[in-house]
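A.B. asks: Sharing a structure below in structure tokens format, with a few things to ask.
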Amino acid sequence: MFHNYFITTIRNLLRNKASSIINIVGLAVSIACCIAIYVFVKHEETFDHFHSKADRTYRIVFDRKTVQGVEHNGYVAFPTAKALRNDFPNLEAVTQLYVHNSAIVQIQDAVGGTKKFEEKEATYADEFFFKTFDFPLLAGSINRILSTPDEVVLSKTLADNYFGAAYSNRYNELIGKTITINKNPYRITGIMQDMPRNSNVACNMLLPFKDFERRNENVMQEWQNFWSESYVFVTLPKNYTAQQFDKALIAFKDKYLDKENAKEETFHPQPLLQVHTDELYGGTYYATPSILIIAFVTMGIIILLTACINFINLATAQSLQRAKEIGIRKTLGSRNWQLILRFMTETLVLVLLASGAGLLLANWFLQQFNQYLAFIVNLDLHIDVSIILFLLLLSLVITFLAGYYPARVMAGYQPIQALKGTLKATGTGFGNRFSFRKVLVTTQFVVTQLLIIGTIVVATQLQYFYSHNPGYQKQGILTVEMPGYDQQKITVFRNALMNLPQVEDVTFSSGPPMSAANASSNMRLPSQSKADEINTERKYVDPNYLSVFKIPLVAGRNLQEGDKIIIKKDSINRYNVLVNKKAVSMFGFKNAQAALGQTIVIGEDVATIVGVTDNFDNVAIQDEINPCMLYYSTDWIAMASIKMKTTNALTTLEQIKKNWEALYPDQVYKSMTLDDYIRHKAFYVLEDLMYQAFKIFSVLSIVIGCMGLYGLVSFLAIQRQKEIGIRKVLGASVNSILYLFSKEFTWLVLIAFLIAAPVGYWAMSSWLQTFANRINLHVSYFAITFCISVLIVVFTIGFQAIKAAIANPVKSLRSE
């Protein structure tokens, strides 16, 4: 029976080549989208699931009440891990990390030369790391690893890069070898398997946390000094719940924090399996919000339904052509369920063909996705059991969604009417005022218009991000990373730069106005208590900072040489600073002029305000501007910002690099324009990703819809060819026949727009509300959407309509 079904299915596909191609291509594209989205969602939702203790492992986070609201921080102060081990001996493991460090590695080769590498994913970890997380070691002892300050663990990939493939099967020979990292010797004590990319602690190199401790002794005892990439993870015993631990952390913070801070701060355990998708506390590198994953899944479902609607429309339009076949089969004894099974089998064969094509296309989709987001994620299509099961389940769902209704309609034909040819397209065509096919086509138009609205709004918002005046100059500035705080070298580099004719000015600072590495401190007025402290960003700059970035000074004076901070231990430090207007308002000063000469308490130190700048974007434009304080210091220099007279002076760029490398021969030169720096630091990655998704899915939805509409009009033209012939004989023009075809679809576009416009307005308005700086929804966005929809219909059906209109009416009428 099924063999016969298969043979007749192939014959039908070959007999109706146009509709078969339209259906296979549409389904293949939708299946490819679903596979690509499945791979992405699986990657994002399975972060750290491979750890055997993942369900009992938690990240320690803390909340802080401030006058600005409640802060949610995924990082904690450095003394936290040691205190937890002391107060909670029942914990299976407590591990401390400081992630995403860069390192310059030097390796002696066989002939005595030196090879130099830059490693951007070095993480400081303690000896409890491998007791908390399941990362297999290819060489080394898990019991003793990372217990001394002069050792290092390399990933398999790094070991192969450093020492060549000759050691790929004998990594034990690398144990004990010494390599130089940031000019210091380290012994290799372990080679680990490459960490999966869906891990919150993914890195290529592990350095001992004991090494970090000896280089940063001052911060290891400070409970109010926070570094944003300092994380603590704990593994709870099986008989100890997270709720119990959370309650116990109340007494813990009361013990170690001073009385005022203990009132405002609370510690909590955050499940490891939620770290990556919890925007509240942020991931260890980036967090993928659940709403984005939901949006991707929704778009995949929309594309799939669009292809299924195409299939249903074409199948029901074709159904009258198979009426006699159905009548004969029923006369010979076929039951309805047998006919439904036959037609469903035909659908399944077509879907399986589309699935094979979709699998190949999905791999290409992922490659394009990787090119766009390689700095965040790299997705691969591995044909494993989960993919096969997903594809089979998807094929069955599509077969049911696309095939059941047409099969039921065709199986329901009365044999006498079918054989006489007196069947009418009741409920399946456009003769009825209300028909299921009209509902499907309208739904298709609604989906397409929603995607078009989303694409226009997101693209406009992104353009607003990039064209928005940030309050400082972005163009014509080159940023160069500075390794260390050697003031003598910085002075030499400054002088060398100012001697170059294409260099207008240069400033050395902790970072540009909008930086990915902002430091902050809690500050208050002398008359206020710690409960009134305001979290204020601090930037370390020099007197050229304002002029290079063209940040206006609205009151007071700029920083001067005499304002340079010289930190004295065990004493109260006093220094002069600049603040922005947001800080002026947050501290309650009447205006910028009134803030001049006022003092701000920062811990035990006191700062005097000598100048007020205009507000500038110091965080991503999605968020509100933060209060900001600018210090003159040469002890925290991380970047040189060079104002160029022209940006195309290649000779000047080469000279800048040459001067830098002469001062730092053991480091790697890294530079980029400020515009590229802002984009590279992924300030708008989620919004950009959403825009790309809307754009891609809109195009796919339009293409699939157009293909289906084209096929549908083709069949309607065949069904109405006699009517068209009569109309032409009676004097109908080509334009009137074109109107005959287009008016039904134009009405459906209008109905769809009346549904899509309010839904689109609500959805995009809700999305825009998440931004502090946003565009206003304009009526033109919706007008453009409607016009695009009408043009799609006109161009899609125009060819077939005109073809039918200019056909010889004699042939149409003779067809009987």
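Residue numbering restarts at 1 in every chain; chains get A, B, ... in the order shown in the structure tokens, and ligands count up from 1 in that same order.
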Report the closest atom pair, with its distance in Å rounded to one decimal, for each residue of region 186-255 of chain A that has an atom no farther than 9 Å from region 260-266 of chain A; count only C-alpha atoms, sort by chain and then rising residue number, and write it as JSON lines.
C.D. replies:
```
{"residue": "A:Gln224", "atom": "CA", "partner": "A:Asn261", "partner_atom": "CA", "distance": 8.7}
{"residue": "A:Leu249", "atom": "CA", "partner": "A:Thr266", "partner_atom": "CA", "distance": 7.8}
{"residue": "A:Ile250", "atom": "CA", "partner": "A:Thr266", "partner_atom": "CA", "distance": 6.9}
{"residue": "A:Lys253", "atom": "CA", "partner": "A:Ala262", "partner_atom": "CA", "distance": 6.2}
{"residue": "A:Asp254", "atom": "CA", "partner": "A:Ala262", "partner_atom": "CA", "distance": 5.5}
{"residue": "A:Lys255", "atom": "CA", "partner": "A:Ala262", "partner_atom": "CA", "distance": 8.5}
```
A.B. asks: For region 276-290 of chain A, work out the shell of residues within 8 Å, counting only C-alpha atoms and skipping chain neighbours fewer than 6 positions away, then give it as a ChimeraX atom specification.
C.D. replies: /A:44-45,47,61,72-74,99,200-201,229
A.B. asks: For the selection you just gave me, I'd like the residues written to a file as a JSON list (two decimals), in the first residue's frame, keeping N, CA and C atoms.
C.D. replies:
```
[["chain", "number", "residue", "atom", "x", "y", "z"],
["A", 44, "GLU", "N", 22.30, 28.41, 23.78],
["A", 44, "GLU", "CA", 22.10, 29.41, 24.82],
["A", 44, "GLU", "C", 21.46, 28.84, 26.08],
["A", 45, "GLU", "N", 20.57, 27.87, 25.92],
["A", 45, "GLU", "CA", 19.83, 27.34, 27.07],
["A", 45, "GLU", "C", 20.55, 26.20, 27.78],
["A", 47, "PHE", "N", 23.86, 26.31, 28.73],
["A", 47, "PHE", "CA", 25.11, 26.76, 29.34],
["A", 47, "PHE", "C", 25.36, 26.02, 30.65],
["A", 61, "VAL", "N", 25.92, 36.43, 44.33],
["A", 61, "VAL", "CA", 25.62, 37.77, 43.83],
["A", 61, "VAL", "C", 25.20, 38.63, 45.01],
["A", 72, "HIS", "N", 21.85, 45.42, 41.22],
["A", 72, "HIS", "CA", 22.00, 43.97, 41.18],
["A", 72, "HIS", "C", 23.35, 43.65, 40.55],
["A", 73, "ASN", "N", 24.22, 43.03, 41.32],
["A", 73, "ASN", "CA", 25.60, 42.79, 40.88],
["A", 73, "ASN", "C", 25.92, 41.30, 40.88],
["A", 74, "GLY", "N", 26.46, 40.83, 39.77],
["A", 74, "GLY", "CA", 26.84, 39.43, 39.67],
["A", 74, "GLY", "C", 28.22, 39.15, 40.24],
["A", 99, "VAL", "N", 38.07, 36.85, 35.70],
["A", 99, "VAL", "CA", 38.02, 36.35, 34.32],
["A", 99, "VAL", "C", 38.40, 37.42, 33.30],
["A", 200, "ASN", "N", 29.91, 29.44, 31.19],
["A", 200, "ASN", "CA", 30.07, 30.78, 31.75],
["A", 200, "ASN", "C", 31.50, 31.09, 32.18],
["A", 201, "VAL", "N", 32.34, 30.08, 32.24],
["A", 201, "VAL", "CA", 33.73, 30.31, 32.65],
["A", 201, "VAL", "C", 34.68, 29.86, 31.55],
["A", 229, "GLU", "N", 34.62, 41.74, 37.22],
["A", 229, "GLU", "CA", 34.77, 40.39, 36.68],
["A", 229, "GLU", "C", 35.35, 39.44, 37.73]]
```
A.B. asks: For Thr448 (chain A), which residue out of A:Ala32, A:Ile702, A:Val749, A:Met482 is the nearest one, using only C-alpha atoms?
C.D. replies: A:Ile702
A.B. asks: Which residues are close to Ser765 (chain A), i.e. within 12 Å by only C-alpha atoms, leaving aside same-chain residues fewer than 6 positions away? Reply as a PyMOL selection string.
C.D. replies: chain A and resi 453-454+457-458+461+757-759+771+774-778
A.B. asks: Can those selected residues be exported to a file as a compact mmCIF listing (two decimals), in the first residue's frame so that it contains C-alpha atoms?
C.D. replies:
```
# COMPACT_ATOMS: atom_id res chain seq x y z
CA ILE A 453 6.97 47.11 10.98
CA GLY A 454 9.49 45.53 13.36
CA VAL A 457 11.31 50.46 13.84
CA VAL A 458 14.38 48.50 14.99
CA GLN A 461 16.19 52.94 16.55
CA ALA A 757 -0.92 47.99 12.81
CA PRO A 758 -2.26 48.05 16.40
CA VAL A 759 -0.45 44.84 17.33
CA PHE A 771 15.47 52.45 26.33
CA ARG A 774 14.43 56.26 21.95
CA ILE A 775 12.63 57.30 18.82
CA ASN A 776 8.92 58.09 18.65
CA LEU A 777 6.66 55.78 16.69
CA HIS A 778 5.61 57.70 13.60
```
A.B. asks: Report as JSON lines: every residue of region 167-245 of chain A with an atom at most 12 Å from region 654-666 of chain A, its closest pair of atoms, and their distance in Å to one decimal, counting only C-alpha atoms, with rows sorted by chain and ascending residue number.
C.D. replies:
```
{"residue": "A:Thr180", "atom": "CA", "partner": "A:Asp666", "partner_atom": "CA", "distance": 10.7}
{"residue": "A:Ile181", "atom": "CA", "partner": "A:Asp666", "partner_atom": "CA", "distance": 10.2}
{"residue": "A:Asn182", "atom": "CA", "partner": "A:Asp666", "partner_atom": "CA", "distance": 8.2}
{"residue": "A:Lys183", "atom": "CA", "partner": "A:Asp666", "partner_atom": "CA", "distance": 8.0}
{"residue": "A:Asn184", "atom": "CA", "partner": "A:Asp666", "partner_atom": "CA", "distance": 11.7}
```
A.B. asks: Could the residues in this selection be written to a file with N, CA and C atoms, as a short mmCIF file (atom, residue, chain, number, x, y, z; two decimals), in the first residue's frame?
C.D. replies:
```
data_model
loop_
_atom_site.label_atom_id
_atom_site.label_comp_id
_atom_site.auth_asym_id
_atom_site.auth_seq_id
_atom_site.Cartn_x
_atom_site.Cartn_y
_atom_site.Cartn_z
N THR A 180 56.96 32.08 29.67
CA THR A 180 56.94 33.44 30.23
C THR A 180 55.60 34.09 29.92
N ILE A 181 54.93 34.57 30.96
CA ILE A 181 53.64 35.24 30.81
C ILE A 181 53.75 36.62 31.46
N ASN A 182 53.56 37.66 30.65
CA ASN A 182 53.70 39.03 31.15
C ASN A 182 55.03 39.23 31.87
N LYS A 183 56.09 38.66 31.25
CA LYS A 183 57.48 38.81 31.70
C LYS A 183 57.80 38.01 32.96
N ASN A 184 56.89 37.14 33.41
CA ASN A 184 57.14 36.32 34.59
C ASN A 184 57.09 34.85 34.22
#
```
A.B. asks: Based on the backbone DSSP call, show me all residues of region 357-397 of chain A assigned helix (DSSP H, G or I), as number ranges by chain.
C.D. replies: A: 357-373, 385-397
A.B. asks: Any chance you could export the current selection's N, CA and C atoms as a PDB file, in the first residue's frame?
C.D. replies:
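again_4.pdb written:
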```pdb
ATOM      1  N   ALA A 357      16.887  19.335   2.013  1.00  0.00           N
ATOM      2  CA  ALA A 357      17.390  20.612   1.502  1.00  0.00           C
ATOM      3  C   ALA A 357      17.559  21.625   2.634  1.00  0.00           C
ATOM      4  N   GLY A 358      16.628  21.606   3.588  1.00  0.00           N
ATOM      5  CA  GLY A 358      16.694  22.539   4.711  1.00  0.00           C
ATOM      6  C   GLY A 358      17.901  22.309   5.592  1.00  0.00           C
ATOM      7  N   LEU A 359      18.295  21.043   5.728  1.00  0.00           N
ATOM      8  CA  LEU A 359      19.463  20.720   6.553  1.00  0.00           C
ATOM      9  C   LEU A 359      20.726  21.333   5.951  1.00  0.00           C
ATOM     10  N   LEU A 360      20.855  21.242   4.639  1.00  0.00           N
ATOM     11  CA  LEU A 360      22.010  21.841   3.962  1.00  0.00           C
ATOM     12  C   LEU A 360      21.964  23.364   4.060  1.00  0.00           C
ATOM     13  N   LEU A 361      20.775  23.910   3.889  1.00  0.00           N
ATOM     14  CA  LEU A 361      20.627  25.363   3.947  1.00  0.00           C
ATOM     15  C   LEU A 361      20.872  25.899   5.357  1.00  0.00           C
ATOM     16  N   ALA A 362      20.496  25.129   6.384  1.00  0.00           N
ATOM     17  CA  ALA A 362      20.698  25.555   7.771  1.00  0.00           C
ATOM     18  C   ALA A 362      22.176  25.727   8.081  1.00  0.00           C
ATOM     19  N   ASN A 363      23.010  24.853   7.534  1.00  0.00           N
ATOM     20  CA  ASN A 363      24.444  24.962   7.755  1.00  0.00           C
ATOM     21  C   ASN A 363      24.971  26.280   7.192  1.00  0.00           C
ATOM     22  N   TRP A 364      24.461  26.667   6.018  1.00  0.00           N
ATOM     23  CA  TRP A 364      24.862  27.945   5.422  1.00  0.00           C
ATOM     24  C   TRP A 364      24.366  29.115   6.275  1.00  0.00           C
ATOM     25  N   PHE A 365      23.138  29.027   6.774  1.00  0.00           N
ATOM     26  CA  PHE A 365      22.597  30.075   7.645  1.00  0.00           C
ATOM     27  C   PHE A 365      23.510  30.292   8.864  1.00  0.00           C
ATOM     28  N   LEU A 366      23.933  29.190   9.473  1.00  0.00           N
ATOM     29  CA  LEU A 366      24.776  29.280  10.672  1.00  0.00           C
ATOM     30  C   LEU A 366      26.137  29.879  10.352  1.00  0.00           C
ATOM     31  N   GLN A 367      26.671  29.564   9.194  1.00  0.00           N
ATOM     32  CA  GLN A 367      27.956  30.145   8.794  1.00  0.00           C
ATOM     33  C   GLN A 367      27.845  31.660   8.664  1.00  0.00           C
ATOM     34  N   GLN A 368      26.740  32.128   8.080  1.00  0.00           N
ATOM     35  CA  GLN A 368      26.524  33.572   7.973  1.00  0.00           C
ATOM     36  C   GLN A 368      26.337  34.195   9.353  1.00  0.00           C
ATOM     37  N   PHE A 369      25.639  33.506  10.216  1.00  0.00           N
ATOM     38  CA  PHE A 369      25.413  33.972  11.584  1.00  0.00           C
ATOM     39  C   PHE A 369      26.745  34.103  12.324  1.00  0.00           C
ATOM     40  N   ASN A 370      27.621  33.126  12.131  1.00  0.00           N
ATOM     41  CA  ASN A 370      28.925  33.149  12.800  1.00  0.00           C
ATOM     42  C   ASN A 370      29.781  34.312  12.328  1.00  0.00           C
ATOM     43  N   GLN A 371      29.712  34.632  11.042  1.00  0.00           N
ATOM     44  CA  GLN A 371      30.494  35.741  10.520  1.00  0.00           C
ATOM     45  C   GLN A 371      30.069  37.050  11.167  1.00  0.00           C
ATOM     46  N   TYR A 372      28.790  37.145  11.463  1.00  0.00           N
ATOM     47  CA  TYR A 372      28.277  38.381  12.044  1.00  0.00           C
ATOM     48  C   TYR A 372      28.549  38.483  13.539  1.00  0.00           C
ATOM     49  N   LEU A 373      28.482  37.345  14.244  1.00  0.00           N
ATOM     50  CA  LEU A 373      28.609  37.368  15.701  1.00  0.00           C
ATOM     51  C   LEU A 373      29.754  36.485  16.194  1.00  0.00           C
ATOM     52  N   VAL A 385      22.046  12.965  17.520  1.00  0.00           N
ATOM     53  CA  VAL A 385      20.723  12.394  17.787  1.00  0.00           C
ATOM     54  C   VAL A 385      19.680  13.487  18.005  1.00  0.00           C
ATOM     55  N   SER A 386      20.050  14.539  18.712  1.00  0.00           N
ATOM     56  CA  SER A 386      19.075  15.586  19.010  1.00  0.00           C
ATOM     57  C   SER A 386      18.616  16.298  17.737  1.00  0.00           C
ATOM     58  N   ILE A 387      19.544  16.544  16.807  1.00  0.00           N
ATOM     59  CA  ILE A 387      19.177  17.197  15.547  1.00  0.00           C
ATOM     60  C   ILE A 387      18.254  16.292  14.731  1.00  0.00           C
ATOM     61  N   ILE A 388      18.601  15.005  14.670  1.00  0.00           N
ATOM     62  CA  ILE A 388      17.790  14.054  13.903  1.00  0.00           C
ATOM     63  C   ILE A 388      16.379  13.954  14.485  1.00  0.00           C
ATOM     64  N   LEU A 389      16.302  13.852  15.817  1.00  0.00           N
ATOM     65  CA  LEU A 389      14.978  13.774  16.462  1.00  0.00           C
ATOM     66  C   LEU A 389      14.189  15.059  16.245  1.00  0.00           C
ATOM     67  N   PHE A 390      14.870  16.193  16.356  1.00  0.00           N
ATOM     68  CA  PHE A 390      14.197  17.474  16.138  1.00  0.00           C
ATOM     69  C   PHE A 390      13.669  17.564  14.708  1.00  0.00           C
ATOM     70  N   LEU A 391      14.491  17.144  13.745  1.00  0.00           N
ATOM     71  CA  LEU A 391      14.090  17.211  12.350  1.00  0.00           C
ATOM     72  C   LEU A 391      12.910  16.278  12.066  1.00  0.00           C
ATOM     73  N   LEU A 392      12.944  15.081  12.651  1.00  0.00           N
ATOM     74  CA  LEU A 392      11.827  14.142  12.459  1.00  0.00           C
ATOM     75  C   LEU A 392      10.540  14.687  13.076  1.00  0.00           C
ATOM     76  N   LEU A 393      10.657  15.215  14.299  1.00  0.00           N
ATOM     77  CA  LEU A 393       9.483  15.792  14.958  1.00  0.00           C
ATOM     78  C   LEU A 393       8.956  16.979  14.164  1.00  0.00           C
ATOM     79  N   LEU A 394       9.862  17.816  13.674  1.00  0.00           N
ATOM     80  CA  LEU A 394       9.467  18.979  12.883  1.00  0.00           C
ATOM     81  C   LEU A 394       8.754  18.542  11.600  1.00  0.00           C
ATOM     82  N   SER A 395       9.273  17.490  10.963  1.00  0.00           N
ATOM     83  CA  SER A 395       8.667  16.981   9.723  1.00  0.00           C
ATOM     84  C   SER A 395       7.245  16.480   9.974  1.00  0.00           C
ATOM     85  N   LEU A 396       7.057  15.783  11.098  1.00  0.00           N
ATOM     86  CA  LEU A 396       5.720  15.287  11.427  1.00  0.00           C
ATOM     87  C   LEU A 396       4.757  16.431  11.721  1.00  0.00           C
ATOM     88  N   VAL A 397       5.244  17.436  12.446  1.00  0.00           N
ATOM     89  CA  VAL A 397       4.391  18.594  12.761  1.00  0.00           C
ATOM     90  C   VAL A 397       3.997  19.322  11.482  1.00  0.00           C
TER      91      VAL A 397
END
```
A.B. asks: Quick one: distance from CA of Phe128 (chain A) to CA of Thr95 (chain A) in Å, one decimal?
C.D. replies: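 Between CA of Phe128 (chain A) and CA of Thr95 (chain A) the gap is 5.2 Å.
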A.B. asks: As a short mmCIF file (atom, residue, chain, number, x, y, z; two decimals) with N, CA and C atoms, in the first residue's frame, list the residues of region 575-654 of chain A assigned to strand (DSSP E or B) by DSSP on the backbone atoms of this structure.
C.D. replies:
```cif
data_model
loop_
_atom_site.label_atom_id
_atom_site.label_comp_id
_atom_site.auth_asym_id
_atom_site.auth_seq_id
_atom_site.Cartn_x
_atom_site.Cartn_y
_atom_site.Cartn_z
N TYR A 575 41.77 65.69 46.84
CA TYR A 575 42.11 66.02 45.45
C TYR A 575 40.96 66.77 44.80
N ASN A 576 41.28 67.41 43.68
CA ASN A 576 40.29 68.17 42.92
C ASN A 576 39.76 67.32 41.77
N VAL A 577 38.47 67.51 41.47
CA VAL A 577 37.84 66.67 40.44
C VAL A 577 36.87 67.50 39.61
N LEU A 578 36.49 66.91 38.46
CA LEU A 578 35.39 67.42 37.65
C LEU A 578 34.20 66.46 37.82
N VAL A 579 33.00 66.99 37.73
CA VAL A 579 31.80 66.14 37.73
C VAL A 579 30.93 66.55 36.56
N ASN A 580 30.03 65.65 36.14
CA ASN A 580 29.09 66.02 35.08
C ASN A 580 27.81 66.59 35.69
N THR A 599 32.55 69.73 48.52
CA THR A 599 33.35 68.53 48.75
C THR A 599 32.46 67.28 48.72
N ILE A 600 33.06 66.19 48.24
CA ILE A 600 32.39 64.89 48.16
C ILE A 600 33.24 63.88 48.91
N VAL A 601 32.60 63.06 49.72
CA VAL A 601 33.30 62.04 50.49
C VAL A 601 33.28 60.72 49.71
N ILE A 602 34.47 60.15 49.52
CA ILE A 602 34.61 58.87 48.80
C ILE A 602 35.37 57.92 49.73
N ASP A 605 38.37 59.32 51.64
CA ASP A 605 38.96 60.43 50.91
C ASP A 605 37.95 61.55 50.69
N VAL A 606 38.48 62.73 50.36
CA VAL A 606 37.64 63.90 50.13
C VAL A 606 38.02 64.53 48.79
N ALA A 607 37.01 64.77 47.94
CA ALA A 607 37.23 65.39 46.63
C ALA A 607 36.54 66.74 46.59
N THR A 608 37.22 67.72 46.01
CA THR A 608 36.65 69.06 45.85
C THR A 608 36.31 69.28 44.38
N ILE A 609 35.10 69.74 44.12
CA ILE A 609 34.65 69.97 42.74
C ILE A 609 35.20 71.31 42.25
N VAL A 610 36.00 71.27 41.17
CA VAL A 610 36.56 72.51 40.61
C VAL A 610 35.96 72.83 39.24
N GLY A 611 35.22 71.89 38.67
CA GLY A 611 34.61 72.14 37.36
C GLY A 611 33.45 71.19 37.11
N VAL A 612 32.52 71.63 36.26
CA VAL A 612 31.36 70.81 35.90
C VAL A 612 31.29 70.70 34.38
N THR A 613 31.23 69.47 33.87
CA THR A 613 31.11 69.25 32.43
C THR A 613 29.65 69.06 32.05
N CYS A 628 29.03 61.11 36.98
CA CYS A 628 30.42 60.79 36.65
C CYS A 628 31.37 61.80 37.28
N MET A 629 32.52 61.31 37.74
CA MET A 629 33.55 62.15 38.34
C MET A 629 34.86 61.88 37.62
N LEU A 630 35.57 62.94 37.22
CA LEU A 630 36.83 62.82 36.49
C LEU A 630 37.99 63.26 37.38
N TYR A 631 38.97 62.36 37.52
CA TYR A 631 40.17 62.62 38.32
C TYR A 631 41.38 62.79 37.39
N TYR A 632 42.35 63.55 37.83
CA TYR A 632 43.61 63.62 37.08
C TYR A 632 44.58 62.65 37.75
N MET A 639 44.55 53.62 28.24
CA MET A 639 44.36 53.92 26.83
C MET A 639 44.88 55.30 26.47
N ALA A 640 45.45 55.39 25.27
CA ALA A 640 45.78 56.68 24.66
C ALA A 640 44.74 56.96 23.59
N SER A 641 44.16 58.15 23.62
CA SER A 641 43.19 58.57 22.60
C SER A 641 43.83 59.68 21.80
N ILE A 642 44.04 59.43 20.51
CA ILE A 642 44.82 60.32 19.66
C ILE A 642 43.89 61.01 18.67
N LYS A 643 43.85 62.33 18.72
CA LYS A 643 43.02 63.10 17.80
C LYS A 643 43.81 63.36 16.53
N MET A 644 43.29 62.82 15.42
CA MET A 644 44.00 62.90 14.15
C MET A 644 43.43 64.04 13.29
#
```
A.B. asks: Residues at most 8 Å from Asp194 (chain A), counting only C-alpha atoms, excluding those fewer than 5 positions away in the same chain, as a list in words?
C.D. replies: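 After dropping sequence-adjacent residues, the list is Ser155, Lys156, Thr157 and Asn204 of chain A.
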A.B. asks: Write a file of the selected residues as a short mmCIF file (atom, residue, chain, number, x, y, z; two decimals), in the first residue's frame, keeping N, CA and C atoms.
C.D. replies:
```cif
data_model
loop_
_atom_site.label_atom_id
_atom_site.label_comp_id
_atom_site.auth_asym_id
_atom_site.auth_seq_id
_atom_site.Cartn_x
_atom_site.Cartn_y
_atom_site.Cartn_z
N SER A 155 44.89 25.23 27.67
CA SER A 155 43.94 24.41 26.94
C SER A 155 44.67 23.60 25.87
N LYS A 156 44.03 22.59 25.36
CA LYS A 156 44.62 21.77 24.30
C LYS A 156 45.00 22.62 23.10
N THR A 157 44.12 23.54 22.73
CA THR A 157 44.39 24.39 21.57
C THR A 157 45.62 25.25 21.79
N ASN A 204 40.94 29.92 27.81
CA ASN A 204 42.00 29.09 27.22
C ASN A 204 43.19 28.91 28.14
#
```
A.B. asks: I need the residue nearest Asn773 (chain A) from this list: A:Tyr464, A:Phe50, A:Tyr256, A:Phe493. Use only C-alpha atoms for the distance.
C.D. replies: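 Using only C-alpha atoms, Asn773 (chain A) sits closest to A:Tyr464.
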A.B. asks: Name all residues at most 12 Å from Phe252 (chain A) (count only C-alpha atoms; drop same-chain ones fewer than 3 positions away) and give them as a PDB file with C-alpha atoms, in the first residue's frame.
C.D. replies:
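What follows is the written file selection-v7.pdb:
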```
ATOM      1  CA  THR A  80      34.140  36.783  49.944  1.00  0.00           C
ATOM      2  CA  ALA A  81      35.499  33.365  48.948  1.00  0.00           C
ATOM      3  CA  ALA A  83      35.147  34.097  54.340  1.00  0.00           C
ATOM      4  CA  LEU A  84      32.672  31.587  52.873  1.00  0.00           C
ATOM      5  CA  ARG A  85      35.167  28.741  53.295  1.00  0.00           C
ATOM      6  CA  ASN A  86      35.685  29.811  56.887  1.00  0.00           C
ATOM      7  CA  ASP A  87      32.012  30.188  57.835  1.00  0.00           C
ATOM      8  CA  PHE A  88      30.498  27.370  55.758  1.00  0.00           C
ATOM      9  CA  PHE A 245      21.989  28.914  52.291  1.00  0.00           C
ATOM     10  CA  ASP A 246      20.272  32.177  51.332  1.00  0.00           C
ATOM     11  CA  LYS A 247      18.994  32.638  54.899  1.00  0.00           C
ATOM     12  CA  ALA A 248      22.420  31.831  56.345  1.00  0.00           C
ATOM     13  CA  LEU A 249      23.988  34.545  54.153  1.00  0.00           C
ATOM     14  CA  LYS A 255      29.451  39.533  60.355  1.00  0.00           C
ATOM     15  CA  TYR A 256      31.799  40.876  57.679  1.00  0.00           C
ATOM     16  CA  LEU A 257      30.243  44.158  56.545  1.00  0.00           C
ATOM     17  CA  ASP A 258      30.205  47.251  58.681  1.00  0.00           C
ATOM     18  CA  ALA A 262      25.120  45.554  56.102  1.00  0.00           C
ATOM     19  CA  GLU A 265      23.604  44.984  51.012  1.00  0.00           C
ATOM     20  CA  THR A 266      22.423  41.381  50.768  1.00  0.00           C
ATOM     21  CA  PHE A 267      24.082  38.282  49.317  1.00  0.00           C
ATOM     22  CA  HIS A 268      22.198  35.641  47.351  1.00  0.00           C
TER      23      HIS A 268
END
```
